[in-house]
Structure formats: C-alpha cells, structure tokens
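Data block for query-v7.txt (compact mmCIF, C-alpha atoms and all ligand atoms):
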```
# COMPACT_ATOMS: atom_id res chain seq x y z
CA MET A 1 -8.42 8.02 -31.15
CA ARG A 2 -8.41 4.56 -29.62
CA ARG A 3 -11.36 2.25 -28.89
CA ILE A 4 -11.06 -0.50 -26.27
CA ALA A 5 -13.66 -3.21 -25.66
CA ALA A 6 -13.75 -6.14 -23.21
CA HIS A 7 -16.03 -8.66 -21.52
CA TYR A 8 -16.56 -6.40 -18.48
CA ILE A 9 -15.68 -3.04 -16.93
CA PHE A 10 -15.46 -1.91 -13.30
CA LEU A 11 -17.17 1.49 -12.83
CA ASP A 12 -17.83 3.14 -9.45
CA GLY A 13 -18.03 -0.08 -7.47
CA GLU A 14 -19.93 -2.20 -9.98
CA ILE A 15 -19.08 -4.59 -12.81
CA PHE A 16 -20.86 -3.98 -16.13
CA PRO A 17 -20.76 -6.20 -19.25
CA ARG A 18 -19.57 -5.44 -22.80
CA PRO A 19 -17.92 -2.02 -22.43
CA VAL A 20 -16.47 0.14 -25.17
CA VAL A 21 -14.09 2.88 -23.94
CA THR A 22 -13.04 5.61 -26.37
CA LEU A 23 -9.84 7.58 -25.77
CA SER A 24 -8.65 10.75 -27.51
CA ASP A 25 -5.16 10.95 -29.05
CA GLU A 26 -4.10 12.70 -25.83
CA GLY A 27 -5.25 9.69 -23.79
CA VAL A 28 -8.35 11.33 -22.29
CA ILE A 29 -11.47 9.13 -21.97
CA THR A 30 -14.11 10.68 -24.25
CA ASP A 31 -16.80 8.02 -24.00
CA ILE A 32 -17.71 4.92 -21.97
CA GLU A 33 -20.51 2.74 -23.25
CA VAL A 34 -21.68 -0.45 -21.46
CA ALA A 35 -23.85 -3.37 -22.57
CA ALA A 36 -22.86 -2.59 -26.16
CA ASP A 37 -24.41 -5.25 -28.41
CA ASP A 38 -22.25 -4.97 -31.50
CA ILE A 39 -18.72 -4.87 -30.06
CA ASP A 40 -17.22 -7.33 -32.55
CA ARG A 41 -18.62 -5.51 -35.60
CA ARG A 42 -17.20 -2.05 -34.75
CA PRO A 43 -14.20 -1.01 -36.81
CA LEU A 44 -10.84 -0.26 -35.19
CA THR A 45 -11.85 -1.66 -31.80
CA GLU A 46 -9.31 -3.60 -29.70
CA PHE A 47 -10.89 -6.42 -27.72
CA TYR A 48 -9.56 -7.65 -24.36
CA ASP A 49 -10.38 -10.64 -22.19
CA GLY A 50 -11.62 -9.94 -18.64
CA VAL A 51 -12.50 -6.77 -16.71
CA LEU A 52 -11.28 -3.25 -17.59
CA LEU A 53 -9.97 -1.34 -14.56
CA PRO A 54 -8.30 2.01 -13.93
CA ASP A 55 -4.68 2.08 -12.72
CA LEU A 56 -4.24 0.15 -9.49
CA VAL A 57 -2.80 1.75 -6.36
CA ASN A 58 -0.32 -0.21 -4.26
CA ALA A 59 -0.92 1.54 -0.94
CA HIS A 60 2.02 0.04 0.95
CA CYS A 61 5.42 -0.90 -0.39
CA HIS A 62 9.09 -0.49 0.48
CA SER A 63 10.48 -0.59 -3.07
CA GLU A 64 13.99 0.30 -1.86
CA LEU A 65 14.16 -3.19 -0.27
CA SER A 66 13.61 -5.00 -3.59
CA HIS A 67 17.14 -6.49 -3.49
CA LEU A 68 16.16 -8.43 -0.32
CA ALA A 69 13.94 -10.90 -2.24
CA GLY A 70 14.35 -14.35 -0.69
CA GLN A 71 16.82 -13.17 1.99
CA ILE A 72 14.62 -13.89 5.02
CA ALA A 73 13.02 -17.32 5.51
CA GLU A 74 9.22 -17.58 5.54
CA GLY A 75 7.11 -18.32 8.59
CA GLY A 76 9.61 -17.31 11.31
CA GLY A 77 7.19 -14.96 13.03
CA PHE A 78 7.16 -11.20 13.40
CA THR A 79 9.84 -10.48 15.99
CA ALA A 80 12.29 -12.86 14.28
CA PHE A 81 11.59 -11.05 10.98
CA ALA A 82 12.22 -7.63 12.55
CA GLN A 83 15.50 -8.92 14.02
CA ALA A 84 16.60 -10.41 10.68
CA MET A 85 15.86 -7.12 8.86
CA GLY A 86 18.49 -5.43 11.00
CA THR A 87 21.24 -7.69 9.60
CA VAL A 88 20.26 -8.53 5.98
CA ARG A 89 19.88 -4.86 4.92
CA ARG A 90 23.66 -4.58 4.59
CA GLY A 91 25.90 -6.32 2.07
CA PHE A 92 24.52 -5.33 -1.35
CA SER A 93 26.22 -3.09 -3.90
CA ALA A 94 24.57 0.06 -5.23
CA GLU A 95 24.28 -1.65 -8.65
CA GLU A 96 22.50 -4.68 -7.18
CA ARG A 97 20.05 -2.42 -5.36
CA ALA A 98 19.39 -0.26 -8.41
CA GLU A 99 18.87 -3.24 -10.70
CA ALA A 100 16.42 -4.90 -8.27
CA TRP A 101 14.55 -1.61 -7.85
CA SER A 102 14.20 -1.06 -11.61
CA ALA A 103 12.90 -4.59 -12.16
CA ALA A 104 10.32 -4.13 -9.39
CA ASP A 105 9.21 -0.72 -10.72
CA ARG A 106 8.86 -2.09 -14.27
CA ALA A 107 6.91 -5.18 -13.13
CA MET A 108 4.47 -3.07 -11.11
CA TRP A 109 3.86 -0.70 -14.06
CA GLU A 110 3.35 -3.53 -16.57
CA GLN A 111 0.93 -5.21 -14.16
CA GLY A 112 -1.25 -2.11 -13.91
CA VAL A 113 0.03 -0.21 -10.88
CA GLY A 114 -0.15 3.56 -11.50
CA ALA A 115 0.60 4.82 -7.99
CA VAL A 116 2.46 3.52 -4.95
CA GLY A 117 2.57 4.55 -1.29
CA ASP A 118 6.24 3.80 -0.75
CA VAL A 119 8.16 3.81 2.54
CA CYS A 120 11.70 5.19 2.29
CA ASN A 121 14.57 5.11 4.77
CA GLY A 122 17.02 6.84 2.43
CA THR A 123 17.40 8.62 -0.89
CA THR A 124 18.58 5.65 -3.02
CA THR A 125 15.42 5.38 -5.15
CA PHE A 126 14.71 9.08 -5.75
CA ALA A 127 16.61 9.66 -9.00
CA ALA A 128 15.13 6.54 -10.62
CA LYS A 129 11.64 7.36 -9.35
CA SER A 130 11.70 10.75 -11.03
CA GLN A 131 12.00 8.83 -14.37
CA SER A 132 9.26 6.25 -13.58
CA PRO A 133 5.75 6.39 -15.09
CA ILE A 134 4.46 5.37 -11.63
CA ALA A 135 3.37 8.19 -9.28
CA TYR A 136 5.13 7.48 -6.01
CA THR A 137 4.01 9.03 -2.73
CA ASN A 138 7.13 8.69 -0.57
CA PHE A 139 6.79 8.19 3.17
CA VAL A 140 10.17 9.01 4.71
CA GLU A 141 10.08 6.92 7.83
CA LEU A 142 11.41 7.74 11.28
CA PHE A 143 12.52 4.52 12.90
CA GLY A 144 14.50 3.29 15.92
CA LEU A 145 14.41 3.48 19.70
CA GLY A 146 16.96 6.03 20.87
CA ASN A 147 18.49 6.99 17.51
CA ALA A 148 15.61 8.38 15.43
CA ASP A 149 16.36 11.90 14.22
CA ALA A 150 13.65 13.93 12.50
CA ASP A 151 16.30 16.23 10.97
CA VAL A 152 17.73 13.29 9.02
CA ALA A 153 14.21 12.48 7.75
CA ARG A 154 13.73 16.15 6.82
CA ARG A 155 16.92 16.11 4.73
CA VAL A 156 15.87 12.87 2.99
CA ALA A 157 12.41 14.29 2.24
CA ALA A 158 13.91 17.57 0.96
CA GLU A 159 16.10 15.62 -1.47
CA GLY A 160 13.00 13.78 -2.74
CA VAL A 161 11.08 17.04 -3.22
CA ALA A 162 14.09 18.48 -5.10
CA ALA A 163 13.90 15.46 -7.44
CA GLY A 164 10.27 16.38 -8.16
CA LEU A 165 8.74 13.69 -5.94
CA ARG A 166 5.87 13.82 -3.46
CA CYS A 167 7.39 13.23 -0.02
CA GLY A 168 6.14 13.22 3.56
CA ILE A 169 7.60 12.13 6.90
CA THR A 170 5.98 9.44 9.02
CA PRO A 171 6.55 7.50 12.24
CA HIS A 172 7.33 3.82 11.48
CA SER A 173 5.10 2.24 14.12
CA THR A 174 3.80 2.41 17.67
CA TYR A 175 6.53 0.04 18.96
CA SER A 176 9.74 1.43 17.43
CA LEU A 177 9.90 5.10 18.47
CA SER A 178 10.11 7.01 21.75
CA VAL A 179 7.28 9.38 22.63
CA ALA A 180 9.42 12.38 21.60
CA ALA A 181 10.59 10.85 18.29
CA PHE A 182 7.03 9.84 17.35
CA ALA A 183 5.85 13.39 18.11
CA ASP A 184 8.78 14.81 16.07
CA ALA A 185 7.84 12.67 13.07
CA VAL A 186 4.19 13.75 13.21
CA ALA A 187 5.22 17.40 13.59
CA ALA A 188 7.72 17.17 10.71
CA SER A 189 5.28 15.44 8.37
CA GLY A 190 3.41 18.45 7.02
CA PRO A 191 -0.32 18.43 6.22
CA ASP A 192 -0.20 17.64 2.47
CA VAL A 193 0.93 14.01 2.68
CA PRO A 194 -0.80 11.48 4.97
CA LEU A 195 0.97 9.50 7.68
CA SER A 196 1.62 5.78 7.11
CA VAL A 197 2.09 3.78 10.30
CA HIS A 198 2.65 0.02 10.68
CA PHE A 199 -0.06 -1.09 13.08
CA MET A 200 -0.92 -4.25 15.02
CA GLU A 201 0.79 -6.62 12.58
CA SER A 202 1.47 -9.08 15.42
CA PRO A 203 0.19 -9.75 18.95
CA ASP A 204 3.72 -8.83 20.16
CA GLU A 205 2.93 -5.12 19.68
CA ALA A 206 0.05 -4.93 22.17
CA GLN A 207 1.88 -7.30 24.54
CA LEU A 208 4.89 -4.96 24.57
CA TYR A 209 2.76 -2.33 26.33
CA ARG A 210 2.17 -4.87 29.12
CA GLY A 211 5.83 -5.96 29.30
CA GLU A 212 4.98 -9.37 27.82
CA GLY A 213 5.73 -11.37 24.65
CA ALA A 214 8.59 -11.89 22.22
CA MET A 215 9.21 -8.21 21.44
CA ALA A 216 9.35 -7.18 25.11
CA GLU A 217 11.84 -10.02 25.65
CA TRP A 218 13.99 -8.94 22.67
CA TYR A 219 14.00 -5.29 23.81
CA ALA A 220 14.98 -6.37 27.35
CA GLN A 221 17.84 -8.55 26.04
CA THR A 222 19.21 -5.74 23.86
CA ASP A 223 18.75 -3.09 26.55
CA ARG A 224 16.21 -1.10 24.59
CA ARG A 225 14.02 0.94 26.92
CA ILE A 226 10.50 2.06 26.04
CA ASP A 227 8.79 5.16 27.40
CA PHE A 228 5.34 4.68 25.82
CA ALA A 229 3.84 1.82 27.85
CA HIS A 230 1.63 4.30 29.74
CA PHE A 231 -0.55 4.69 26.63
CA GLY A 232 -1.73 1.13 27.40
CA SER A 233 -2.07 -0.08 23.77
CA PRO A 234 -1.04 0.72 20.18
CA ALA A 235 -4.52 2.16 19.45
CA GLU A 236 -4.42 4.50 22.46
CA ARG A 237 -0.98 5.66 21.37
CA ILE A 238 -2.28 6.56 17.89
CA VAL A 239 -5.19 8.46 19.45
CA GLY A 240 -2.87 10.11 21.99
CA GLN A 241 -0.12 11.15 19.57
CA VAL A 242 -1.77 11.85 16.20
CA PRO A 243 -3.98 14.97 15.88
CA ALA A 244 -7.57 14.21 14.84
CA ASP A 245 -7.38 16.28 11.66
CA ARG A 246 -4.54 14.26 10.09
CA ASP A 247 -5.01 11.67 7.33
CA ILE A 248 -3.44 8.33 8.17
CA LEU A 249 -2.82 4.91 6.63
CA LEU A 250 -2.68 2.10 9.19
CA ILE A 251 -0.72 -0.79 7.75
CA HIS A 252 -1.45 -4.51 8.37
CA ASN A 253 -4.05 -4.45 11.22
CA CYS A 254 -3.97 -8.27 11.60
CA PHE A 255 -4.70 -8.12 15.32
CA VAL A 256 -7.17 -5.22 15.53
CA GLY A 257 -10.58 -5.93 17.04
CA ALA A 258 -13.84 -4.02 16.77
CA GLU A 259 -12.91 -1.82 19.75
CA GLU A 260 -9.67 -0.61 18.16
CA VAL A 261 -11.39 0.13 14.83
CA GLU A 262 -14.13 2.09 16.63
CA ARG A 263 -11.69 3.96 18.89
CA ILE A 264 -9.55 5.10 15.97
CA GLU A 265 -12.42 5.89 13.59
CA SER A 266 -14.13 8.00 16.27
CA HIS A 267 -10.91 9.94 17.03
CA PHE A 268 -10.09 11.07 13.49
CA ARG A 269 -11.87 13.74 11.47
CA GLY A 270 -9.20 13.21 8.81
CA ARG A 271 -9.14 10.22 6.49
CA VAL A 272 -8.29 6.83 8.00
CA THR A 273 -7.41 3.95 5.65
CA TRP A 274 -6.93 0.38 6.86
CA VAL A 275 -4.31 -1.07 4.51
CA VAL A 276 -4.12 -4.86 4.17
CA CYS A 277 -1.05 -6.76 2.89
CA PRO A 278 -2.20 -10.40 3.07
CA ARG A 279 0.77 -12.07 1.37
CA SER A 280 3.33 -10.29 3.53
CA ASN A 281 1.40 -11.37 6.64
CA HIS A 282 1.36 -14.93 5.35
CA TYR A 283 5.08 -14.81 4.50
CA ILE A 284 6.17 -13.54 7.91
CA SER A 285 3.81 -15.15 10.37
CA ARG A 286 1.04 -17.10 8.56
CA THR A 287 -1.53 -14.55 9.74
CA VAL A 288 -4.38 -12.88 7.81
CA PRO A 289 -5.80 -9.35 7.85
CA PRO A 290 -9.35 -8.97 9.28
CA VAL A 291 -11.21 -8.04 6.09
CA GLY A 292 -14.54 -9.40 7.44
CA LEU A 293 -14.35 -7.03 10.41
CA LEU A 294 -13.29 -4.08 8.24
CA MET A 295 -16.22 -4.72 5.86
CA ARG A 296 -18.70 -4.97 8.75
CA LYS A 297 -17.40 -1.68 10.14
CA GLY A 298 -17.76 -0.01 6.72
CA VAL A 299 -14.32 1.63 6.91
CA ARG A 300 -11.97 2.65 4.07
CA VAL A 301 -9.69 -0.19 2.97
CA ALA A 302 -6.72 -0.27 0.57
CA ILE A 303 -4.27 -2.99 -0.49
CA GLY A 304 -0.47 -3.11 -0.39
CA THR A 305 2.19 -5.60 -1.32
CA ASP A 306 4.71 -4.61 1.38
CA SER A 307 8.32 -5.30 0.28
CA LEU A 308 10.13 -8.14 -1.47
CA ALA A 309 11.81 -8.86 1.88
CA SER A 310 8.47 -10.34 2.98
CA ASN A 311 6.77 -11.23 -0.31
CA THR A 312 7.61 -13.31 -3.37
CA ALA A 313 6.29 -10.64 -5.78
CA LEU A 314 5.01 -7.05 -5.76
CA SER A 315 1.81 -8.26 -7.41
CA MET A 316 -1.53 -6.60 -6.72
CA VAL A 317 -3.47 -9.45 -8.35
CA ARG A 318 -1.82 -12.00 -6.04
CA GLU A 319 -2.79 -9.83 -3.03
CA MET A 320 -6.34 -9.51 -4.37
CA ALA A 321 -6.61 -13.30 -4.84
CA ALA A 322 -5.56 -13.78 -1.20
CA LEU A 323 -8.46 -11.70 0.19
CA ASP A 324 -11.70 -13.38 1.21
CA ALA A 325 -14.17 -10.74 -0.01
CA PRO A 326 -16.55 -10.11 -2.98
CA ILE A 327 -14.73 -9.09 -6.17
CA GLU A 328 -16.39 -5.65 -6.31
CA ARG A 329 -15.02 -4.85 -2.85
CA VAL A 330 -11.54 -6.07 -3.68
CA LEU A 331 -11.45 -4.06 -6.93
CA ALA A 332 -12.61 -0.92 -5.10
CA TRP A 333 -9.92 -1.36 -2.42
CA ALA A 334 -7.22 -1.81 -5.09
CA THR A 335 -8.28 1.31 -7.03
CA THR A 336 -10.38 4.04 -5.33
CA GLY A 337 -9.47 2.88 -1.81
CA GLY A 338 -5.77 3.29 -2.49
CA ALA A 339 -6.23 6.57 -4.38
CA GLU A 340 -8.25 8.07 -1.50
CA ALA A 341 -5.72 6.77 1.02
CA LEU A 342 -2.94 8.68 -0.73
CA GLY A 343 -5.15 11.72 -1.41
CA ILE A 344 -4.80 11.38 -5.21
CA GLU A 345 -8.39 10.44 -6.03
CA GLU A 346 -8.77 13.38 -8.44
CA GLN A 347 -6.13 11.85 -10.73
CA MET A 348 -6.31 8.13 -9.99
CA GLY A 349 -8.62 5.27 -9.09
CA ARG A 350 -11.65 5.70 -11.42
CA LEU A 351 -12.50 5.31 -15.07
CA ALA A 352 -14.71 8.24 -16.12
CA VAL A 353 -15.29 10.51 -19.11
CA GLY A 354 -12.87 13.44 -19.02
CA ARG A 355 -10.23 11.55 -17.06
CA ARG A 356 -6.80 10.63 -18.30
CA SER A 357 -6.37 7.19 -16.76
CA GLY A 358 -4.34 4.14 -17.43
CA ILE A 359 -6.51 1.17 -18.44
CA VAL A 360 -5.74 -2.29 -17.14
CA ALA A 361 -7.28 -5.69 -17.99
CA LEU A 362 -7.90 -8.23 -15.23
CA ALA A 363 -8.11 -11.58 -17.02
CA GLY A 364 -8.24 -15.25 -16.08
CA LEU A 365 -11.16 -14.96 -13.66
CA GLY A 366 -13.06 -17.98 -12.34
CA ARG A 367 -16.50 -19.12 -13.46
CA ASP A 368 -18.29 -16.74 -11.06
CA LEU A 369 -15.87 -13.89 -11.82
CA GLU A 370 -13.74 -14.68 -8.78
CA ILE A 371 -10.08 -13.67 -8.70
CA THR A 372 -7.98 -16.83 -8.63
CA GLU A 373 -4.33 -17.89 -8.51
CA GLY A 374 -4.47 -17.94 -12.33
CA SER A 375 -5.74 -14.36 -12.71
CA LEU A 376 -3.51 -11.78 -14.41
CA LEU A 377 -3.30 -8.00 -14.63
CA ARG A 378 -2.03 -6.48 -17.85
CA ARG A 379 -1.63 -2.81 -18.71
CA ILE A 380 -3.41 -1.79 -21.94
CA CYS A 381 -2.43 1.89 -21.75
ZN ZN B 1 5.82 -2.20 5.69
```

Go ahead and render the structure in this file as structure tokens.
Ligand SMILES: [Zn+2]
Amino acid sequence: MRRIAAHYIFLDGEIFPRPVVTLSDEGVITDIEVAADDIDRRPLTEFYDGVLLPDLVNAHCHSELSHLAGQIAEGGGFTAFAQAMGTVRRGFSAEERAEAWSAADRAMWEQGVGAVGDVCNGTTTFAAKSQSPIAYTNFVELFGLGNADADVARRVAAEGVAAGLRCGITPHSTYSLSVAAFADAVAASGPDVPLSVHFMESPDEAQLYRGEGAMAEWYAQTDRRIDFAHFGSPAERIVGQVPADRDILLIHNCFVGAEEVERIESHFRGRVTWVVCPRSNHYISRTVPPVGLLMRKGVRVAIGTDSLASNTALSMVREMAALDAPIERVLAWATTGGAEALGIEEQMGRLAVGRRSGIVALAGLGRDLEITEGSLLRRIC
C-alpha cells in the first residue's frame, strides 16, 4: 500500500485541497479523500508540493524528429519552416537518432506524460517504443504532392502493429496531398484509431486554395500542382473528404474562425478534438492558437508539444504555461481532453477509485494557482 498527500488534487475538472490518495500494492487507487484535516499526522504518508494529476497526454508529437532540436531557426514563418524540413531531415546517423529519441521519451515520462499521439513517417522508433512505459498512439502519416503512397504507409503501420503498438494511418494536412492520396489515407486508416490532420497552422493554407500567398508561390516555383482548390478552403476539404462518423484530431488551428469551427463541428458525428501546440506556433511563426474562441464554442481541446524541430522541449508544463486560460481548463485539456482525443479515456486521463493511473505533481504554481514559467511536473508513480 502507498499513501500520497499534497496541497491540492485535480478531480473531474475541479481543484480540491488537502487530498490523500491510497494505492494498493498493484498500483490501483483504492481511496481518494479530499479536505483531509490531519494529513501531516498520518503514518506512512508521502507529502508532495502542488497539485496531484493523472498522467498527462501529449496529443501531438513527432518524436522521431527529436534529433532535429535546434536545426531550424526560430521565427522564419511557416512556409520557410516547411521548406527547411525537407533538407534538415537528412544527415544524421541511426545512433544519433536513437539517442535523441530515447532522451525525449525518458524526459516526457519523468515529466508526467503517460500517453502520446505521435506522428510517424517511418519505422525507426517502433522497437524502442515497444519498451517504453509511455502508451504511444502512432499516426503513420501520408505526405507529399505526387509521391504519397498508401501502400508504404500500410507497411509501416503493419510493422508497428507487429511490434505491439497502436497504429493508424492519417493524411498529413489539407495542403500536402492530392485528392486521391488524401482519400487513400482516410480509407487505409481503419476505424479504431482517429485521424490526426495538421490544420490551418498558417494563413498560407487557406490562401493556397485561392492561388495566393507564400505556399502557392513555393508550389508554383517547384512545379507542384494542386488538384484540391475546388474545395475552396481547408475546412471544406475536411468536410468533403472525411466521413462524418470518423474521429479526428485537428492540429494547430491558429487561423480558424468561428465559421470553420461551426462547419466542422456540425459535420462530424464522431469525436473532433482541436489540438493546440502554442510553443511550436511561437517557434515557427510567432502565432498563437485561438483558445478563447475554442472555449467560447465549448469544443473538445487537447494539448501537444509538436516536435523538437519546432520546440525547445517536449514539455507539457511549458505548453500549459503558454496558454491564456483558467488552470482548470488547461489541466482538463492536458489530461481528459488528450485521452478522449486518442480514444483511451477508459485507461488514461482521470484519477478515480478503481483506476490504475500514474500520479503526477504539478508544483511551483503562482499565488493564485496559475501555471508559470517556474512550474514543474514530476512523476510520483
Ligand atoms: Zn505536427
């Protein structure tokens, strides 16, 4: 048995004071008491600073790019970043990649992440992932105008499944795939794993559909042709090419307005999650995700770190500190929001009696319990 006490606990959307959580030897929560008045006089009780949380869920990452930390300069804008990604991906040994991946995986685990929605372009991380305590949902991504092949993605996903991992196939975005390749990716994805699509990260994406902006210019210069402009916008393409019963994560959303949120929410009967990655947006283009709009619309939100190619750390607490929203909202997005997004809410995202959950302490909060640059996440179990 183990007994854990702290200043606060986060339970079902609310923060309560003076919790005592009891765990069985098998790690199952057998009791949760709040507002306990004699915490410091109970025998064999460990006391922690801050707020007790369940495992966090990083809803959007590309852990296989961890060796690209610091390789692309900050603030260059979205199209310049996409161009740079095409060149910096090469030139690292298998050992360098594996070492960077292991360090990233270990840091996420120690800082409380229990599950990750992780985009994959190849099989390089699969063997190591099968040994990780983190539950990865792998989104094998179909990417590229003209050369995207769903059969390649199928083989990658099959290798992941053979390694015991949860794998699905997903289209990368609404600007990087032909109509046929996007449809192939959706058809190949299978119903058990949601789709995860990069969406409206920059104004260039919507402009592309009108033949304007930096991305349209880049595509014209490199002789890339698009056949999806007739959809009229990224949102109409999602509605036009993704069946209503699918579950989908939309990643970034920096340039969505109320109309796009309404259009997409009204199309889907499946689960839609609006995933925000504020520090990646800041790194690439000094933009911010529209959390005020998403809160007003009452939609499901989750948080991701994106990759170390566009972030200085895979740190959920740094992402949480960058969001302008009440702490209860931010904690819900980082836990239940992410778990529901990935469809793993039965195992992850809540502290409750009968559950076997990791327990994480969020310490170093401000005077009014706000998450600050000095806040820390530490895994207790
Ligand atoms: Zn991404």

What residues have any atom no more than 12 Å from ligand ZN 1 (chain B) when counting all atoms listed in the file, and can you list them as a VMD selection string?
-> chain A and resid 58 to 65 78 81 to 82 85 117 to 121 139 141 143 171 to 173 196 to 201 249 to 253 275 to 281 284 303 to 311

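Proximity to Thr335 in chain A was assessed for A:Val113, A:Ala313, A:Ala153, A:Ala187 counting all atoms listed in the file; the smallest distance is recorded for A:Val113.
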
With 12 Å as the threshold, what does the neighbourhood of (-5.6, -2.0, -10.4) contain in terms of residues, counting all atoms listed in the file? Coordinates are those of the file; answer as a ChimeraX atom specification.
/A:10,51-59,108-116,302-304,315-320,330-339,348-351,357-363,376-380

Using only C-alpha atoms, the best pick from A:Asp49, A:Val239, A:Asp105, A:Ala35 as closest to Ile15 in chain A would be A:Ala35

Which residues, written as a list in words, have at least one atom at most 10 Å from Pro191 in chain A, with all atoms listed in the file counted and residues fewer than 3 positions away on the same chain left out? Gly168, Val186, Ala187, Ala188, Pro194, Leu195, Asp245, Arg246 and Asp247 of chain A

- Query: Given the choices A:Thr45, A:Asn147, A:Ser202, A:Thr124, which gets closest to Ser178 in chain A if the distance is worked out from only C-alpha atoms?
  - Reply: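 For Ser178 in chain A, the nearest of the given residues is A:Asn147.
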
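With all atoms listed in the file as the atoms that count, the residue of A:Leu365, A:Val353, A:Leu68, A:Ala244 with the shortest distance to Arg263 in chain A is A:Ala244.
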
Centre and edge lengths of an axis-aligned box around all listed atoms of range 310-314 of chain A, with 4 Å added on each side, are to be given in Å to one decimal, as lines of an AutoDock Vina configuration file.
```
center_x = 6.7
center_y = -10.2
center_z = -1.4
size_x = 11.5
size_y = 14.3
size_z = 16.8
```

CA of Thr312 in chain A sits from CA of Phe255 in chain A at a separation of 23.0 Å

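CA of Ala158 in chain A is positioned 27.7 Å from CA of Thr87 in chain A.
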
re CA of Ile32 in chain A and CA of Gly50 in chain A: distance 16.4 Å

**Message:** Give me, as number ranges by chain, all polymer residues having an atom no more than 10 Å from Asp184 in chain A, counting only C-alpha atoms and skipping those fewer than 4 positions away in the same chain.
**Reply:** A: 142, 148-151, 169-171, 178-180, 188-189

Selected residues written out with C-alpha atoms, as a PDB file, keeping the file's coordinate frame:
```
ATOM      1  CA  LEU A 142      11.410   7.740  11.280  1.00  0.00           C
ATOM      2  CA  ALA A 148      15.610   8.380  15.430  1.00  0.00           C
ATOM      3  CA  ASP A 149      16.360  11.900  14.220  1.00  0.00           C
ATOM      4  CA  ALA A 150      13.650  13.930  12.500  1.00  0.00           C
ATOM      5  CA  ASP A 151      16.300  16.230  10.970  1.00  0.00           C
ATOM      6  CA  ILE A 169       7.600  12.130   6.900  1.00  0.00           C
ATOM      7  CA  THR A 170       5.980   9.440   9.020  1.00  0.00           C
ATOM      8  CA  PRO A 171       6.550   7.500  12.240  1.00  0.00           C
ATOM      9  CA  SER A 178      10.110   7.010  21.750  1.00  0.00           C
ATOM     10  CA  VAL A 179       7.280   9.380  22.630  1.00  0.00           C
ATOM     11  CA  ALA A 180       9.420  12.380  21.600  1.00  0.00           C
ATOM     12  CA  ALA A 188       7.720  17.170  10.710  1.00  0.00           C
ATOM     13  CA  SER A 189       5.280  15.440   8.370  1.00  0.00           C
TER      14      SER A 189
END
```

**Report entry** Polymer residues at most 12 Å from Glu99 in chain A, only C-alpha atoms, same-chain spacing of 2 or more positions, as a list in words
**Finding:** Ser63, Glu64, Leu65, Ser66, His67, Leu68, Phe92, Ser93, Ala94, Glu95, Glu96, Arg97, Trp101, Ser102, Ala103, Ala104, Asp105, Arg106, Thr124, Thr125 and Ala128 of chain A

I'd like to know which of A:Phe16, A:Gly164, A:Ser24, A:Ala183 is closest to Leu369 in chain A, using all atoms listed in the file.
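Going through A:Phe16, A:Gly164, A:Ser24, A:Ala183 one by one, the smallest distance to Leu369 in chain A is for A:Phe16.
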
**Prompt:** So which residues are close to (-7.6, -1.1, 7.4), meaning at most 6 Å away in the file's coordinates with only C-alpha atoms counted, and can you show them as a list of chain:residue names?
**Reply:** A:Thr273, A:Trp274, A:Val275, A:Val301

Written selection (C-alpha atoms) as a PDB file, keeping the file's coordinate frame:
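What follows is the written file again-v3.pdb:
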```pdb
ATOM      1  CA  THR A 273      -7.410   3.950   5.650  1.00  0.00           C
ATOM      2  CA  TRP A 274      -6.930   0.380   6.860  1.00  0.00           C
ATOM      3  CA  VAL A 275      -4.310  -1.070   4.510  1.00  0.00           C
ATOM      4  CA  VAL A 301      -9.690  -0.190   2.970  1.00  0.00           C
TER       5      VAL A 301
END
```

Any chance you could model N, CA and C atoms for range 223-235 of chain A and send them as a short mmCIF file (atom, residue, chain, number, x, y, z; two decimals), keeping the file's coordinate frame?
```cif
data_model
loop_
_atom_site.label_atom_id
_atom_site.label_comp_id
_atom_site.auth_asym_id
_atom_site.auth_seq_id
_atom_site.Cartn_x
_atom_site.Cartn_y
_atom_site.Cartn_z
N ASP A 223 18.71 -4.30 25.75
CA ASP A 223 18.75 -3.09 26.55
C ASP A 223 18.05 -1.90 25.89
N ARG A 224 17.01 -2.19 25.16
CA ARG A 224 16.21 -1.10 24.59
C ARG A 224 15.12 -0.76 25.61
N ARG A 225 15.04 0.50 25.96
CA ARG A 225 14.02 0.94 26.92
C ARG A 225 12.85 1.58 26.17
N ILE A 226 11.65 1.37 26.65
CA ILE A 226 10.50 2.06 26.04
C ILE A 226 9.89 3.04 27.04
N ASP A 227 9.38 4.15 26.52
CA ASP A 227 8.79 5.16 27.40
C ASP A 227 7.32 5.42 27.05
N PHE A 228 6.71 4.45 26.30
CA PHE A 228 5.34 4.68 25.82
C PHE A 228 4.33 3.69 26.37
N ALA A 229 4.76 2.85 27.34
CA ALA A 229 3.84 1.82 27.85
C ALA A 229 2.61 2.43 28.52
N HIS A 230 2.77 3.68 29.03
CA HIS A 230 1.63 4.30 29.74
C HIS A 230 0.43 4.55 28.83
N PHE A 231 0.62 4.55 27.50
CA PHE A 231 -0.55 4.69 26.63
C PHE A 231 -1.47 3.47 26.77
N GLY A 232 -0.91 2.32 27.12
CA GLY A 232 -1.73 1.13 27.40
C GLY A 232 -1.91 0.21 26.21
N SER A 233 -1.89 0.76 24.97
CA SER A 233 -2.07 -0.08 23.77
C SER A 233 -1.65 0.72 22.54
N PRO A 234 -1.37 0.01 21.43
CA PRO A 234 -1.04 0.72 20.18
C PRO A 234 -2.15 1.69 19.75
N ALA A 235 -3.42 1.29 19.88
CA ALA A 235 -4.52 2.16 19.45
C ALA A 235 -4.57 3.44 20.29
#
```
